[in-house]
Structure formats: C-alpha cells, structure tokens
Amino acid sequence: MEPLDEELEESALELPSEPMQLNMGPAHPAMHGTVRIVLELSGETITKADVQIGYLHRGFEKMCERGTWTQCFPYVDRLNYVSPMLNNVGFALAVEKMLGVTVPERCQYYRVALGELARICDHLVCNGAMAMELGAFTPFLYCARAREIIWDIFEEETGARVTHSFGRVGGMARPPTAMFKDMVRSGLPRLLFMVGETEKLLLKNRIFLDRLEGVGRVSKETAFALGWTGPTLRSTGAAYDVRRAHPYLVYDRMEFDVPVGSAGDNYDRFMCRQEEIRQSVRILEQVLDQMPDSGPVNIDDPRIVLPPKEEVYTTIEGTIQHFKIVMEGVKVPAGECYSYTEAGNGELGFYLVSDGSGTPYRVRIRPPCFAAVAGLQQLIEGAMIPDVIPTFGSMNMIGGECDH
Amino acid sequence: MAAKTQSTPWTKPAGKPTAGKVVPRPARTAQVQAYLPEFFKGLGLTMRHFFKNTKEMMLGQKADPVLESLSEGITTIMYPEEKRPYPERFRGVHRLTLRDDGSPRCVACLCCSTACPAQCIHIEPAEYPVGDARRGYERFPGSFVIDELRCVFCGFCVEACPCDAIRMDTGHHPVPYDSRDQFIYKKELLMTFTGRDGERLTENPRHEPGDPSHPGISRDQHH
C-alpha cells in the first residue's frame with residue numbers, strides 16, 4: 001500500500017495560512033461594557049483589531065432636545081452610570097455657564113464633595129473590575145464593599161443609589177443632610193482600609209504584575225494625539241487634570257496632587273487610579289473642613305430656581321413663578337458654550353446650544369472614554385489575546401457615555 | 001442673567017504648570033518573583049476575612065442594617081426577613097395625598113405630567129358638578145394614572161407639584177408583579193398609600209373655597 005501523502009499536493013500539507021478572525025464581545029464575560037472587538041489573529045498575536053462601539057446607543061443627545069434643561073438630568077445620570085454625580089455636576093455647570101451664574105459657596109463645596117465621592121466610586125469599579133477580569137475576584141469584592149460605603153451616603157443624600165437626578169440648574173435638589181459630614185468622615189477610613197486590602201492582594205502578585213507591566217504601553221505624544229484625558233493620559237506622564245489646569249467650583253482652594261505615571265502602561269493606569277482615590281479622600285477631608293454648615297444652596301434668582309414650597313402654597317407670586325419654570329423650563333439665553341469638568345475617566349465636556357427657549361436646541365457631549373476607546377486599537381495590535389483584557393479594562397469604557 | 005465677564009469658576013488662573021506626583025512602579029523583589037511567598041501572604045489575608053466572617057456567623061452576630069457597610073465583618077442583610085430601612089429622602093412609590101374630606105388634593109394642573117421626563121403620568125382633568133363650591137374654582141383629576149414601569153423615580157413630579165398632592169415618601173419600592181398592566185397605578189390605588197408616618201393628608205395649608213378662615217373672598221361673596 002502506498003503512503004497516503006504521496007497523492008497529496010504539497011500545499012495541502014501545510015496548515016491553513018489565512019488569518020483567523022475572532023469576535024470579542026459584545027457580550028464577552030471578560031469585557032465590561034458592550035463593545036465588540038473583531039480581532040485578526042496570527043497564532044495568538046493580534047495583527048489587526050477593529051473596535052466597534054454603539055451597542056448601548058440610546059440617542060441621549062436627541063432625547064435631551066425634547067424636554068426642558070432640567071429634564072436632561074435623568075439622562076446625564078445614565079451617561080456614566082458608575083459615577084452619575086459627576087455628570088450631574090458637569091451638566092449643571094454647563095447650563096450655569098450659559099446663564100452666567102455661579103452657585104453659592106455652600107453648593108460649590110457640596111458639589112465637590114459629592115463629585116469626589118463619585119470619582120472614588122468610578123475608580124473603585126474600574127480597578128476592581130479590571131482585577132476581576134484577570135482572575136482576582138476577591139479584590140473586586142473588597143472594592144464593591146468600599147463602594148457600598150459611598151452608595152449608602154449617596155442614598156442618604158439624594159434618595160437613590162445610582163440614578164440620583166440630584167443636580168439642578170442653579171443649585172442642587174436638596175441641601176446637604178445634617179448627617180452628611182459625619183457620614184463621610186466615618187466612611188472614609190473604612191474605605192481607605194478596603195482600598196489598602198485590595199492593594200495588598202494585588203500589588204505583590206506576580207501574575208497580576210506580569211499581565212499589567214509593560215502591556216498596552218502608550219507614549220505621551222500618542223496619548224495627546226488621540227485626545228486622551230484623565231487617568232489614561234496622566235499614566236503617560238502628562239500632568240493634565242481639568243481640576244488643576246482649569247479649576248472650577250472650589251478646586252483652586254484644594255490641595256491635592258495629580259498622580260502621573262512614567263511608562264504609560266496598564267500598571268501606570270491602574271496605579272494612577274489607586275492614587276487618585278487617595279487624593280480624592282484628601283480633597284474630601286478639606287471640603288468637610290471648609291464647607292459651611294448653613295447658608296443657601298440654590299442661587300437667588302426666581303427665573304432659574306423653583307421658589308420654596310411654602311411660597312407656592314400660599315402666595316400667587318410663588319405659584320406663578322413655579323408654573324413658569326415647570327411648564328416652560330429655565331430660559332437659557334440664546335448662544336452656545338462648551339463647558340468641561342474632570343469626570344472619572346477624564347474631561348467630560350458638554351457643548352450646548354440654546355435658542356433662548358426653555359428647551360435645549362442641541363446638547364453635545366464629549367465623553368472621556370470615547371477618545372480612550374478610539375485609541376484601543378493601536379494599543380492591542382501586535383499584542384496577544386490575553387493582553388486585550390487588562391488593556392481594555394484600564395481604558396474604563398462606559399458604554400453609556402461612549403455611545404452618546 | 002446676561003453673561004458678564006466676571007470672576008467665574010471657569011476663568012483660568014495664571015498659574016505654574018502642574019507638577020505631577022509620579023506613582024511607584026511595581027516592586028519586583030525576589031519574594032514577588034518567587035510568587036509562592038506572596039501567594040501565601042495573600043491567602044492569609046483572605047483567610048483572615050474568611051475566619052472572621054465565619055466566627056461572626058457562628059456566633060450569630062449581625063451587622064447593624066443601617067451602618068452595615070461600615071462594619072468590619074459580615075455585611076449581609078438577610079432580606080426579606082431583615083430589611084434595610086430606606087433613608088428619609090428615598091424616592092419610593094408615589095402616593096396621592098388627601099384633603100380632610102377624603103378627596104384627592106390634586107387639582108389636575110398637569111405640572112407633574114409636564115415635568116415628568118419619562119412621560120409616565122397621565123391625568124384627565126374633570127370639573128366638579130354644578131353646585132359644588134369648588135366648581136369653577138379648581139378641577140379634580142377624573143383619572144390619574146402612573147405607569148410605574150416607565151417611571152425613572154427622579155422625583156421631578158414631587159418637585160413640580162404646586163399643592164403637595166403627589167409625594168414619593170411611601171418608603172416602599174414598587175412591588176414586583178407578574179404582568180405589566182398591574183404596574184399601571186390608578187388614582188384609587190395611589191390614594192390608598194400612606195406616607196412613612198401613616199398619614200394620607202396633605203401638608204398644604206391652602207384653604208378650601210367657602211372656608212370662613214379663607215383669607216381671600218370666595219366666589220359667592222364678590223369683590
């Protein structure tokens with residue numbers, strides 16, 4: 001009997017050489033966020049990556065054009081659903097910039113305090129989820145427990161755990177509760193303890209370090225070219241923080257460091273976020289010391305802020321004012337503005353156009369993670385499949401704001 | 001209200017460039033590289049948590065349901081046997097407040113349905129019958145329907161109500177039902193809910209027409 005291979009052509013003996021296509025997502029267990037990455041593989045090395053977003057597109061910008069300026073707040077809650085309060089504050093500041101008003105000092109401190117709590121939340125979720133996707137489940141649970149402390153504070157303050165809808169044009173929905181300062185003061189040490197436990201488990205773990213260090217490296221120039229902001233940019237060594245570069249609210253009175261990385265790899269992004277948690281705690285401590293215990297929270301302008309309920313119940317002026325604002329919305333002068341704040345992922349910008357009515361003419365958001373995800377392709381091309389997971393995790397893509 | 005050039009929080013100060021604080025790079029000590037020593041250290045940490053929790057569970061120690069997130073050991077709340085009380089500002093299921101005579105406080109002004117970003121409130125205003133003191137003075141909701149499935153619990157309706165007729169202080173979350181139409185809450189159902197204090201009455205001090213304590217003049221006594 002003749003050997004089999006003699007009848008075959010030579011090429012048939014070789015392994016198939018066309019590149020292998022691999023779909024990651026949109027519902028991959030190791031990818032938080034609905035994103036689809038089409039990978040072209042050569043062995044386990046990625047030769048081409050195609051990052052496709054849009055699975056969580058809800059038409060946020062168009063929806064905002066339907067209601068009043070105030071009615072946008074529930075929508076911005078759902079942009080970055082990991083730190084909704086930062087979006088609330090960012091949007092309120094944008095509308096106030098158009099109106100040319102500044103909220104009272106107490107409200108500014110309150111916004112900074114709530115915003116920093118939300119920022120800690122954001123970083124805890126990002127780092128915890130990133131560790132979980134690399135197989136370290138316990139640190140994620142410790143992070144979740146730390147986040148629980150913050151959410152309890154939010155629940156007490158705003159009445160909801162995630163979708164606060166707490167910001168208002170010209171102030172906040174409610175003044176701080178009497179317990180606010182005590183709650184934060186008692187929560188922060190516990191939170192730092194949990195963050196410390198997380199680091200103890202992760203930063204000496206060789207598997208974790210090997211998968212982060214040197215992976216997803218990006219240079220400062222590339223990061224700038226991609227329009228990165230926030231921890232992803234700072235990890236490359238550029239100390240750009242909107243809170244420092246263009247202080248808003250009372251950030252110019254706060255003493256805090258801007259953590260920067262040196263290599264721009266996943267490890268630096270992880271560590272920048274960890275350090276920012278500590279800096280946020282530092283800011284919070286200063287805010288609690290400086291925040292006045294009494295005083296107005298909303299600005300004193302009947303055209304912007306709803307009158308107190310007692311006046312609405314008893315006086316005709318209050319009732320008319322109330323109806324004007326509820327039925328027509330806050331009248332924002334015609335014009336356009338771009339307002340930017342530092343959200344959990346970086347610069348959160350709102351570009352607003354008003355035609356002078358109570359309804360936004362156009363709301364455009366500049367989501368920080370949109371730029372970060374746009375750069376993901378460059379980072380993972382040439383890397384291995386397992387490198388996609390930590391690199392994507394360190395981008396902290398939030399579908400809600402990315403697919404605006 | 002005109003935008004003036006004033007010292008706003010958005011003005012950039014003439015400052016020096018920000019100096020960053022460089023985060024540490026990983027410490028690749030021999031212990032880390034050997035993996036096992038640090039592995040056991042980490043295991044020890046998780047075991048410490050584990051045994052502490054197990055001990056608390058054996059001893060039947062439970063975390064305080066309000067401050068449970070601050071407790072060091074077990075934070076589990078055995079829902080539904082044990083419930084975490086909702087905070088004062090919690091936005092729960094809506095309720096319609098009542099007047100002294102048991103009719104709804106609502107005057108069907110449509111403020112709440114206008115302010116609702118989810119458009120989940122539907123009101124059909126109706127006139128009081130001829131002869132009623134309130135006829136021509138105010139209306140009442142012939143039907144008042146809230147779709148609790150569409151509701152996003154933002155609390156805008158409560159804020160928009162000019163007469164304290166709708167509230168979200170029931171302290172309950174919406175009950176899970178098995179069909180969608182059960183989530184459509186009608187006026188009669190909304191009026192049965194009580195606030196946390198068990199009250200159904202409104203705090204709105206507005207007087208009824210014809211009330212002798214009414215500071216204004218009623219429709220019968222002309223100006």
# chains A, B, ... in the order shown; residues from 1 in each chain; ligands from 1

call {"tool": "residues_around", "arguments": {"residues": "Leu93 (chain A)", "least_positions_apart": "3", "cutoff": "8 Å", "atoms": "only C-alpha atoms", "output": "JSON, numbers by chain"}}
result
{"A": [89, 90, 96, 97, 169, 339]}

call {"tool": "select_by_dssp", "arguments": {"residues": "region 127-365 of chain A", "states": "helix (DSSP H, G or I)", "output": "PyMOL selection string"}}
result
chain A and resi 127-133+137-158+180-202+206-212+220-226+230-234+242-245+251-253+266-290+309-314+316-328

call {"tool": "residues_around", "arguments": {"residues": "Asn53 (chain B)", "least_positions_apart": "6", "cutoff": "10 Å", "atoms": "only C-alpha atoms", "output": "count of residues only"}}
result
7

call {"tool": "residues_around", "arguments": {"residues": "region 176-181 of chain B", "least_positions_apart": "5", "cutoff": "10 Å", "atoms": "only C-alpha atoms", "output": "PyMOL selection string"}}
result
chain B and resi 147-149

call {"tool": "closest_residue", "arguments": {"among": "B:Arg105, B:His49, B:Arg28, B:Lys83", "to": "Tyr142 (chain A)", "atoms": "only C-alpha atoms"}}
result
B:His49

call {"tool": "atom_distance", "arguments": {"atom1": "CA of Ile121 (chain B)", "atom2": "CA of Glu188 (chain B)"}}
result
14.5 Å

call {"tool": "residues_around", "arguments": {"residues": "Ala263 (chain A)", "least_positions_apart": "4", "cutoff": "12 Å", "atoms": "only C-alpha atoms", "output": "list in words"}}
result
Leu212, Glu213, Gly214, Val215, Gly216, Arg217, Val218, Ser219, Lys220, Ala223, Thr232, Leu233, Arg234, Ser235, Thr236, Gly237, Ala238, Tyr267, Asp268, Arg269, Phe270, Met271 and Cys272 of chain A; Val22, Val23, Pro24, Arg25 and Pro26 of chain B

call {"tool": "select_by_dssp", "arguments": {"residues": "region 156-199 of chain B", "states": "strand (DSSP E or B)", "output": "PyMOL selection string"}}
result
chain B and resi 166-167+184-185

call {"tool": "residues_around", "arguments": {"residues": "region 187-203 of chain A", "least_positions_apart": "5", "cutoff": "10 Å", "atoms": "only C-alpha atoms", "output": "MDAnalysis selection string"}}
result
(chainID A and resid 117 120 124 127:128 131 136 138:150 152:153 181:182 208:209 267 271 274 277:278 281:282 284:285) or (chainID B and resid 25:28 32 38:39 41:46 67 69:72)

call {"tool": "atom_distance", "arguments": {"atom1": "CA of Val175 (chain B)", "atom2": "CA of Phe140 (chain B)"}}
result
27.5 Å

call {"tool": "residues_around", "arguments": {"residues": "Gly54 (chain A)", "least_positions_apart": "5", "cutoff": "8 Å", "atoms": "only C-alpha atoms", "output": "tab-separated table (two decimals) with N, CA, C and O atoms, in the first residue's frame"}}
result
chain	number	residue	atom	x	y	z
A	35	VAL	N	-19.05	46.23	23.96
A	35	VAL	CA	-18.20	46.64	22.84
A	35	VAL	C	-17.77	45.37	22.14
A	35	VAL	O	-17.63	44.31	22.75
A	399	GLY	N	-20.15	52.14	28.42
A	399	GLY	CA	-20.97	52.18	27.22
A	399	GLY	C	-21.93	53.36	27.18
A	399	GLY	O	-22.13	53.96	26.13
A	402	CYS	N	-19.97	56.44	26.16
A	402	CYS	CA	-19.20	56.29	24.92
A	402	CYS	C	-20.12	56.34	23.71
A	402	CYS	O	-19.83	57.01	22.73
A	403	ASP	N	-21.25	55.65	23.79
A	403	ASP	CA	-22.20	55.63	22.68
A	403	ASP	C	-23.22	56.73	22.87
A	403	ASP	O	-24.39	56.48	23.05

call {"tool": "closest_residue", "arguments": {"among": "B:Glu82, B:Asp132, B:Glu88, B:Asp64", "to": "chain A", "atoms": "only C-alpha atoms"}}
result
B:Glu88

call {"tool": "decode", "arguments": {"residues": "region 124-173 of chain B", "atoms": "N, CA and C atoms", "output": "compact mmCIF listing (two decimals), in the first residue's frame"}}
result
# COMPACT_ATOMS: atom_id res chain seq x y z
N GLU B 124 -56.47 63.05 33.46
CA GLU B 124 -57.62 63.61 32.74
C GLU B 124 -58.37 64.51 33.71
N PRO B 125 -58.28 65.81 33.51
CA PRO B 125 -58.94 66.72 34.45
C PRO B 125 -60.45 66.66 34.28
N ALA B 126 -61.16 66.89 35.37
CA ALA B 126 -62.62 66.90 35.31
C ALA B 126 -63.13 68.07 36.15
N GLU B 127 -64.33 68.55 35.83
CA GLU B 127 -64.94 69.66 36.56
C GLU B 127 -65.80 69.10 37.68
N TYR B 128 -65.89 69.83 38.77
CA TYR B 128 -66.81 69.44 39.84
C TYR B 128 -68.25 69.66 39.36
N PRO B 129 -69.20 68.91 39.86
CA PRO B 129 -70.58 69.07 39.40
C PRO B 129 -71.14 70.44 39.77
N VAL B 130 -72.18 70.82 39.08
CA VAL B 130 -72.81 72.13 39.33
C VAL B 130 -73.30 72.16 40.77
N GLY B 131 -73.04 73.28 41.42
CA GLY B 131 -73.48 73.41 42.80
C GLY B 131 -72.37 73.17 43.80
N ASP B 132 -71.32 72.50 43.37
CA ASP B 132 -70.19 72.26 44.27
C ASP B 132 -69.42 73.57 44.47
N ALA B 133 -69.02 73.81 45.70
CA ALA B 133 -68.32 75.07 45.99
C ALA B 133 -67.03 75.19 45.19
N ARG B 134 -66.45 74.04 44.84
CA ARG B 134 -65.17 74.10 44.14
C ARG B 134 -65.34 74.23 42.63
N ARG B 135 -66.55 74.13 42.12
CA ARG B 135 -66.75 74.23 40.67
C ARG B 135 -66.36 75.62 40.18
N GLY B 136 -65.57 75.65 39.12
CA GLY B 136 -65.12 76.93 38.60
C GLY B 136 -63.95 77.49 39.38
N TYR B 137 -63.68 76.90 40.51
CA TYR B 137 -62.58 77.37 41.35
C TYR B 137 -61.34 76.51 41.09
N GLU B 138 -61.56 75.21 41.01
CA GLU B 138 -60.47 74.31 40.65
C GLU B 138 -61.06 73.02 40.08
N ARG B 139 -60.18 72.23 39.51
CA ARG B 139 -60.64 70.97 38.91
C ARG B 139 -60.15 69.81 39.77
N PHE B 140 -60.54 68.64 39.39
CA PHE B 140 -60.01 67.46 40.07
C PHE B 140 -59.62 66.43 39.01
N PRO B 141 -58.75 65.50 39.35
CA PRO B 141 -58.35 64.52 38.34
C PRO B 141 -59.44 63.47 38.15
N GLY B 142 -60.05 63.45 36.98
CA GLY B 142 -61.03 62.42 36.69
C GLY B 142 -60.34 61.07 36.63
N SER B 143 -59.18 61.06 36.02
CA SER B 143 -58.36 59.85 36.11
C SER B 143 -56.91 60.29 36.29
N PHE B 144 -56.20 59.57 37.10
CA PHE B 144 -54.81 59.89 37.40
C PHE B 144 -54.06 58.57 37.35
N VAL B 145 -53.25 58.39 36.33
CA VAL B 145 -52.61 57.09 36.12
C VAL B 145 -51.10 57.28 36.09
N ILE B 146 -50.38 56.45 36.82
CA ILE B 146 -48.93 56.46 36.75
C ILE B 146 -48.47 55.08 36.30
N ASP B 147 -47.68 55.06 35.27
CA ASP B 147 -47.09 53.82 34.80
C ASP B 147 -45.78 53.62 35.55
N GLU B 148 -45.79 52.76 36.55
CA GLU B 148 -44.60 52.60 37.38
C GLU B 148 -43.46 51.90 36.63
N LEU B 149 -43.76 51.32 35.50
CA LEU B 149 -42.69 50.70 34.74
C LEU B 149 -41.92 51.74 33.93
N ARG B 150 -42.60 52.79 33.55
CA ARG B 150 -41.91 53.84 32.79
C ARG B 150 -41.22 54.81 33.72
N CYS B 151 -41.70 54.89 34.94
CA CYS B 151 -41.18 55.87 35.89
C CYS B 151 -39.70 55.63 36.14
N VAL B 152 -38.92 56.71 36.18
CA VAL B 152 -37.50 56.57 36.47
C VAL B 152 -37.18 57.02 37.90
N PHE B 153 -38.18 57.33 38.68
CA PHE B 153 -38.02 57.71 40.08
C PHE B 153 -37.03 58.86 40.26
N CYS B 154 -37.22 59.89 39.45
CA CYS B 154 -36.33 61.04 39.57
C CYS B 154 -36.87 62.04 40.57
N GLY B 155 -38.16 61.97 40.89
CA GLY B 155 -38.72 62.89 41.88
C GLY B 155 -39.10 64.24 41.33
N PHE B 156 -39.07 64.41 40.01
CA PHE B 156 -39.42 65.72 39.44
C PHE B 156 -40.89 66.05 39.65
N CYS B 157 -41.76 65.01 39.67
CA CYS B 157 -43.19 65.28 39.83
C CYS B 157 -43.47 65.87 41.21
N VAL B 158 -42.78 65.35 42.22
CA VAL B 158 -42.98 65.87 43.57
C VAL B 158 -42.53 67.32 43.64
N GLU B 159 -41.40 67.58 42.98
CA GLU B 159 -40.87 68.93 42.97
C GLU B 159 -41.80 69.88 42.22
N ALA B 160 -42.45 69.35 41.18
CA ALA B 160 -43.27 70.22 40.32
C ALA B 160 -44.66 70.44 40.88
N CYS B 161 -45.08 69.66 41.87
CA CYS B 161 -46.45 69.78 42.34
C CYS B 161 -46.61 71.07 43.15
N PRO B 162 -47.53 71.95 42.74
CA PRO B 162 -47.69 73.21 43.46
C PRO B 162 -48.63 73.10 44.65
N CYS B 163 -49.19 71.93 44.92
CA CYS B 163 -50.10 71.86 46.07
C CYS B 163 -49.89 70.60 46.90
N ASP B 164 -48.69 70.04 46.87
CA ASP B 164 -48.36 68.91 47.74
C ASP B 164 -49.35 67.77 47.55
N ALA B 165 -49.71 67.48 46.30
CA ALA B 165 -50.69 66.44 46.05
C ALA B 165 -50.03 65.11 45.75
N ILE B 166 -48.85 65.13 45.16
CA ILE B 166 -48.17 63.88 44.84
C ILE B 166 -46.88 63.83 45.65
N ARG B 167 -46.62 62.68 46.19
CA ARG B 167 -45.42 62.52 47.01
C ARG B 167 -44.80 61.17 46.74
N MET B 168 -43.53 61.04 47.08
CA MET B 168 -42.87 59.75 46.92
C MET B 168 -42.31 59.28 48.25
N ASP B 169 -42.98 59.65 49.34
CA ASP B 169 -42.43 59.33 50.66
C ASP B 169 -43.07 58.09 51.28
N THR B 170 -43.55 57.18 50.42
CA THR B 170 -44.18 55.98 50.98
C THR B 170 -43.15 55.07 51.65
N GLY B 171 -41.90 55.19 51.25
CA GLY B 171 -40.87 54.33 51.84
C GLY B 171 -40.92 52.92 51.30
N HIS B 172 -41.63 52.71 50.21
CA HIS B 172 -41.69 51.38 49.59
C HIS B 172 -41.16 51.47 48.17
N HIS B 173 -40.50 50.40 47.75
CA HIS B 173 -40.16 50.32 46.34
C HIS B 173 -41.33 49.64 45.63
